[in-house]
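The structure under discussion appears below in the form of structure tokens.
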Amino acid sequence: MDIMATSDSKPNSRFYALVPCAGTGSRAGTPGPKQYERIAGQPMVWHTLAALQAVKRISRTLVVVAPGDGFFERNPTSALVVPCGGATRASSVSNGLYELTRAGATDTDWVLVHDAARCLITPALIDSLIDACAGDEVGGLLAQKLPDTLKREAGGRVAETLDREDKWLAQTPQMFRIGLLMQALEKAGGQVTDEATAVESLGLQPLLVQGGTQNFKVTYPDDFALAEAVLKARTR
Ligand SMILES: Nc1ccn([C@@H]2O[C@H](COP(=O)(O)OP(=O)(O)OP(=O)(O)O)[C@@H](O)[C@H]2O)c(=O)n1
Ligand SMILES: C[C@](O)(CO)[C@H](O)COP(=O)(O)O
């Protein structure tokens with residue numbers, strides 16, 4: 001692909017945030033979608049949006065919800081909410097990118113895709129991703145080196161211990177040019193679990209930017225208490 005067409009030759013590119021918020025949270029064990037569960041006094045997604053909206057360089061935040069989701073009608077936000085969630089996270093992101101372009105974003109603007117369920121993200125981490133990627137020709141993602149020894153399993157037993165030196169856990173936000181990411185997701189299909197995988201399918205190598213252990217995705221029942229403890233500790 002012609003990477004020069006999307007490289008940082010456009011100093012006036014804007015930054016958008018896109019929040020996929022259309023999942024059901026099947027692993028979380030909550031009665032409804034986990035992103036609306038209250039954590040530290042607020043629905044989870046509220047913490048996520050507050051961090052993104054505190055970053056002044058982000059000109060607009062778009063939230064992708066499932067069709068028929070009435071949460072933001074009951075809880076108005078300054079973010080643009082679109083009921084275009086798809087069957088997979090990747091299709092929710094693709095649909096949201098299209099809506100961003102309808103709202104005036106261009107192919108060379110940047111988008112930071114961030115999980116609604118990563119409610120512990122901070123403005124400082126978002127800023128560090130933007131600082132690292134805005135001059136990069138591909139873009140990149142927050143990620144974390146593995147803190148533990150890594151095993152491969154076979155039939156419930158350890159088959160081997162893997163080298164972890166070059167392994168990272170992908171987090172979000174993941175930041176790419178809108179045109180590049182649309183092209184990448186179209187090529188990669190709806191099953192890829194993050195934006196970087198789609199961009200890799202174009203033969204490109206996204207930049208790994210140091211994330212944080214607190215920027216975990218609320219996924220399992222135990223994660224709610226941990227997220228609550230961290231958020232409460234920050235306000236003390
Ligand atoms: N079809 C989907 C699936 C997921 N997401 C969003 O993508 C983020 C990360 O996904 P994950 O933690 O896997 O959330 P769920 O798909 O809701 O959880 P689970 O896989 O346990 O069902 C979440 O903010 C979720 O709302 C989405 O917008 N559209
Ligand atoms: C995008 C992501 O948060 C990166 O770690 C993650 O892949 C999304 O969650 P899923 O469980 O893979 O849907």
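Residue numbers start at 1 in each chain; chains themselves are named A, B, ... in the order of the structure tokens; ligands are numbered from 1 in the order shown.
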
Counting only C-alpha atoms and all ligand atoms, which protein, DNA or RNA residues come within 10 Å of ligand 1, given as a CSV table (one decimal) with N, CA and C atoms, in the first residue's frame?
chain,number,residue,atom,x,y,z
A,18,LEU,N,-12.7,6.9,19.2
A,18,LEU,CA,-13.8,6.1,18.9
A,18,LEU,C,-13.9,5.0,20.0
A,19,VAL,N,-15.0,4.9,20.6
A,19,VAL,CA,-15.2,4.0,21.8
A,19,VAL,C,-16.2,2.9,21.4
A,20,PRO,N,-15.7,1.6,21.1
A,20,PRO,CA,-16.6,0.5,20.9
A,20,PRO,C,-17.3,0.2,22.2
A,21,CYS,N,-18.6,0.3,22.3
A,21,CYS,CA,-19.4,0.2,23.5
A,21,CYS,C,-20.6,-0.7,23.3
A,22,ALA,N,-20.5,-1.6,22.3
A,22,ALA,CA,-21.6,-2.4,21.9
A,22,ALA,C,-21.6,-3.9,22.3
A,23,GLY,N,-20.6,-4.2,23.2
A,23,GLY,CA,-20.5,-5.6,23.6
A,23,GLY,C,-21.6,-6.0,24.6
A,24,THR,N,-21.7,-7.3,24.9
A,24,THR,CA,-22.6,-7.7,25.9
A,24,THR,C,-22.0,-8.1,27.2
A,25,GLY,N,-20.7,-8.2,27.2
A,25,GLY,CA,-19.9,-8.5,28.4
A,25,GLY,C,-20.2,-9.9,28.9
A,26,SER,N,-20.2,-10.9,28.0
A,26,SER,CA,-20.7,-12.2,28.4
A,26,SER,C,-19.8,-12.9,29.5
A,27,ARG,N,-18.5,-12.5,29.5
A,27,ARG,CA,-17.6,-13.1,30.5
A,27,ARG,C,-17.7,-12.4,31.9
A,28,ALA,N,-18.4,-11.3,32.0
A,28,ALA,CA,-18.4,-10.5,33.2
A,28,ALA,C,-19.4,-11.0,34.2
A,29,GLY,N,-20.4,-11.7,33.7
A,29,GLY,CA,-21.4,-12.2,34.7
A,29,GLY,C,-22.4,-11.1,35.2
A,32,GLY,N,-26.7,-6.9,32.8
A,32,GLY,CA,-26.7,-6.2,31.5
A,32,GLY,C,-25.3,-6.0,31.0
A,33,PRO,N,-25.1,-5.2,29.9
A,33,PRO,CA,-23.8,-4.9,29.4
A,33,PRO,C,-22.9,-4.3,30.5
A,34,LYS,N,-21.7,-4.9,30.6
A,34,LYS,CA,-20.8,-4.6,31.7
A,34,LYS,C,-20.4,-3.1,31.7
A,35,GLN,N,-20.3,-2.5,30.5
A,35,GLN,CA,-19.9,-1.1,30.4
A,35,GLN,C,-20.8,-0.1,31.1
A,36,TYR,N,-22.0,-0.5,31.5
A,36,TYR,CA,-22.9,0.3,32.2
A,36,TYR,C,-23.0,0.0,33.7
A,44,MET,N,-19.5,2.4,34.3
A,44,MET,CA,-18.1,2.2,33.9
A,44,MET,C,-17.7,3.1,32.7
A,45,VAL,N,-18.5,3.2,31.7
A,45,VAL,CA,-18.2,4.0,30.5
A,45,VAL,C,-18.0,5.5,30.8
A,48,THR,N,-14.4,6.1,31.4
A,48,THR,CA,-13.7,6.0,30.1
A,48,THR,C,-13.8,7.3,29.3
A,63,VAL,N,-19.1,7.3,20.2
A,63,VAL,CA,-19.3,6.1,21.0
A,63,VAL,C,-20.2,5.2,20.1
A,64,VAL,N,-19.8,4.0,19.9
A,64,VAL,CA,-20.6,3.0,19.1
A,64,VAL,C,-21.4,2.1,20.1
A,65,VAL,N,-22.7,2.2,20.1
A,65,VAL,CA,-23.5,1.4,20.9
A,65,VAL,C,-24.3,0.4,20.1
A,66,ALA,N,-24.9,-0.6,20.7
A,66,ALA,CA,-25.7,-1.6,20.0
A,66,ALA,C,-27.0,-0.9,19.6
A,84,CYS,N,-24.7,1.9,15.9
A,84,CYS,CA,-24.2,1.1,14.8
A,84,CYS,C,-23.3,-0.1,15.2
A,85,GLY,N,-23.5,-0.5,16.4
A,85,GLY,CA,-22.7,-1.7,16.8
A,85,GLY,C,-22.9,-2.9,16.0
A,86,GLY,N,-21.9,-3.7,15.8
A,86,GLY,CA,-22.0,-4.9,14.9
A,86,GLY,C,-21.8,-6.2,15.8
A,87,ALA,N,-21.7,-7.3,15.1
A,87,ALA,CA,-21.7,-8.6,15.8
A,87,ALA,C,-20.3,-8.8,16.5
A,88,THR,N,-19.3,-8.2,16.0
A,88,THR,CA,-18.0,-8.3,16.6
A,88,THR,C,-17.4,-6.9,16.9
A,89,ARG,N,-16.4,-6.9,17.7
A,89,ARG,CA,-15.8,-5.6,18.1
A,89,ARG,C,-15.3,-4.9,16.8
A,90,ALA,N,-14.6,-5.7,15.9
A,90,ALA,CA,-14.1,-5.2,14.6
A,90,ALA,C,-15.2,-4.5,13.8
A,91,SER,N,-16.4,-5.2,13.7
A,91,SER,CA,-17.4,-4.6,12.9
A,91,SER,C,-18.0,-3.3,13.6
A,92,SER,N,-18.0,-3.3,14.9
A,92,SER,CA,-18.4,-2.1,15.6
A,92,SER,C,-17.5,-0.9,15.3
A,93,VAL,N,-16.2,-1.2,15.2
A,93,VAL,CA,-15.2,-0.2,15.0
A,93,VAL,C,-15.3,0.3,13.5
A,95,ASN,N,-17.9,0.2,11.6
A,95,ASN,CA,-19.1,1.0,11.4
A,95,ASN,C,-18.9,2.4,12.0
A,96,GLY,N,-18.2,2.5,13.1
A,96,GLY,CA,-18.0,3.8,13.8
A,96,GLY,C,-17.1,4.7,12.9
A,113,VAL,N,-8.8,4.4,19.0
A,113,VAL,CA,-9.9,3.4,19.3
A,113,VAL,C,-9.6,3.0,20.7
A,114,HIS,N,-10.6,3.1,21.6
A,114,HIS,CA,-10.4,2.7,23.0
A,114,HIS,C,-11.7,2.0,23.5
A,115,ASP,N,-11.4,0.8,24.1
A,115,ASP,CA,-12.5,0.0,24.7
A,115,ASP,C,-13.3,0.8,25.8
A,116,ALA,N,-14.6,0.7,25.7
A,116,ALA,CA,-15.4,1.3,26.8
A,116,ALA,C,-15.0,0.6,28.1
A,117,ALA,N,-14.7,-0.7,28.0
A,117,ALA,CA,-14.4,-1.5,29.2
A,117,ALA,C,-13.0,-1.3,29.8
A,118,ARG,N,-12.2,-0.4,29.2
A,118,ARG,CA,-10.9,-0.1,29.8
A,118,ARG,C,-11.1,1.3,30.5
A,119,CYS,N,-11.8,1.2,31.6
A,119,CYS,CA,-12.2,2.5,32.3
A,119,CYS,C,-11.2,3.1,33.2
A,172,THR,N,-5.6,-0.7,24.8
A,172,THR,CA,-6.0,0.4,24.0
A,172,THR,C,-5.8,1.7,24.8
A,190,GLY,N,-14.0,-9.3,10.0
A,190,GLY,CA,-14.7,-8.9,11.2
A,190,GLY,C,-14.2,-9.6,12.4
A,193,THR,N,-9.2,-9.1,16.7
A,193,THR,CA,-9.6,-8.7,18.0
A,193,THR,C,-9.1,-7.3,18.4
A,194,ASP,N,-8.2,-6.8,17.6
A,194,ASP,CA,-7.8,-5.4,17.8
A,194,ASP,C,-7.4,-4.7,16.5
A,216,PHE,N,-6.1,-2.1,32.6
A,216,PHE,CA,-6.6,-3.4,32.2
A,216,PHE,C,-8.1,-3.3,31.7
A,217,LYS,N,-8.5,-4.3,31.0
A,217,LYS,CA,-9.9,-4.4,30.5
A,217,LYS,C,-10.7,-5.1,31.5
A,218,VAL,N,-11.8,-4.5,31.9
A,218,VAL,CA,-12.7,-5.2,32.9
A,218,VAL,C,-13.4,-6.3,32.1
A,219,THR,N,-13.1,-7.5,32.4
A,219,THR,CA,-13.5,-8.6,31.6
A,219,THR,C,-14.3,-9.7,32.5
A,220,TYR,N,-13.7,-10.0,33.6
A,220,TYR,CA,-14.2,-11.1,34.5
A,220,TYR,C,-14.8,-10.5,35.8

Practice prompt. Can you list, as a PyMOL selection string, all residues belonging to chain A that DSSP tags as alpha helix (DSSP H)?
Written response: chain A and resi 44-53+71-74+89-102+123-133+178-188+195-200+221-235

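You can rank A:Trp110, A:Phe72, A:Trp46, A:Tyr98 by their closest distance to A:Arg14 using only C-alpha atoms, and at the top of that list sits A:Trp110.
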
Worksheet item: Nearest to A:Ala143: which of A:Ala198, A:Val209, A:Ile130, A:Leu162 is it, counting only C-alpha atoms?
Response: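 The answer is A:Val209, which sits nearest to A:Ala143.
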
Discussion item. List the spatial neighbours of A:Thr161 as number ranges by chain - criterion: any atom at most 12 Å away, only C-alpha atoms, same-chain residues fewer than 5 positions off excluded.
Written reply: A: 148-154

Item to complete: For A:Glu228, list every protein, DNA or RNA residue within 7 Å, evaluated using only C-alpha atoms, and leave out those in the same chain fewer than 3 positions away; present the list as a PyMOL selection string.
Response: chain A and resi 39-40+224-225+231-232

Item to complete: Find the residue from A:Asn12, A:Thr30, A:Ser59, A:Ser94 that sits nearest to A:Met182; use only C-alpha atoms when measuring.
Response: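 Using only C-alpha atoms, A:Met182 sits closest to A:Ser94.
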
Fill in: Residue nearest ligand 2 - candidates A:Val138, A:Ala132, A:Ala79, A:Ala170, atoms counted: only C-alpha atoms and all ligand atoms
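Distance minimum relative to ligand 2 lands on A:Ala170.
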
Discussion item. With only C-alpha atoms as the counted atoms, please give the residues lying no more than 12 Å from A:Arg60, apart from itself and same-chain residues fewer than 5 positions off, as a ChimeraX atom specification.
Written reply: /A:14-19,49,52-55,77-81,100-101,103-105,109-112

Practice prompt. Rank nothing, just name the residue among A:Pro206, A:Gly189, A:Pro31, A:Pro173 nearest to ligand 2, using only C-alpha atoms and all ligand atoms.
Written response: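 So, comparing all the options, the nearest one is A:Pro173.
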
Item to complete: Pick out the closest residue to ligand 2 from this set: A:Glu37, A:Glu73, A:Glu195, A:Glu186. Count only C-alpha atoms and all ligand atoms.
Response: A:Glu195
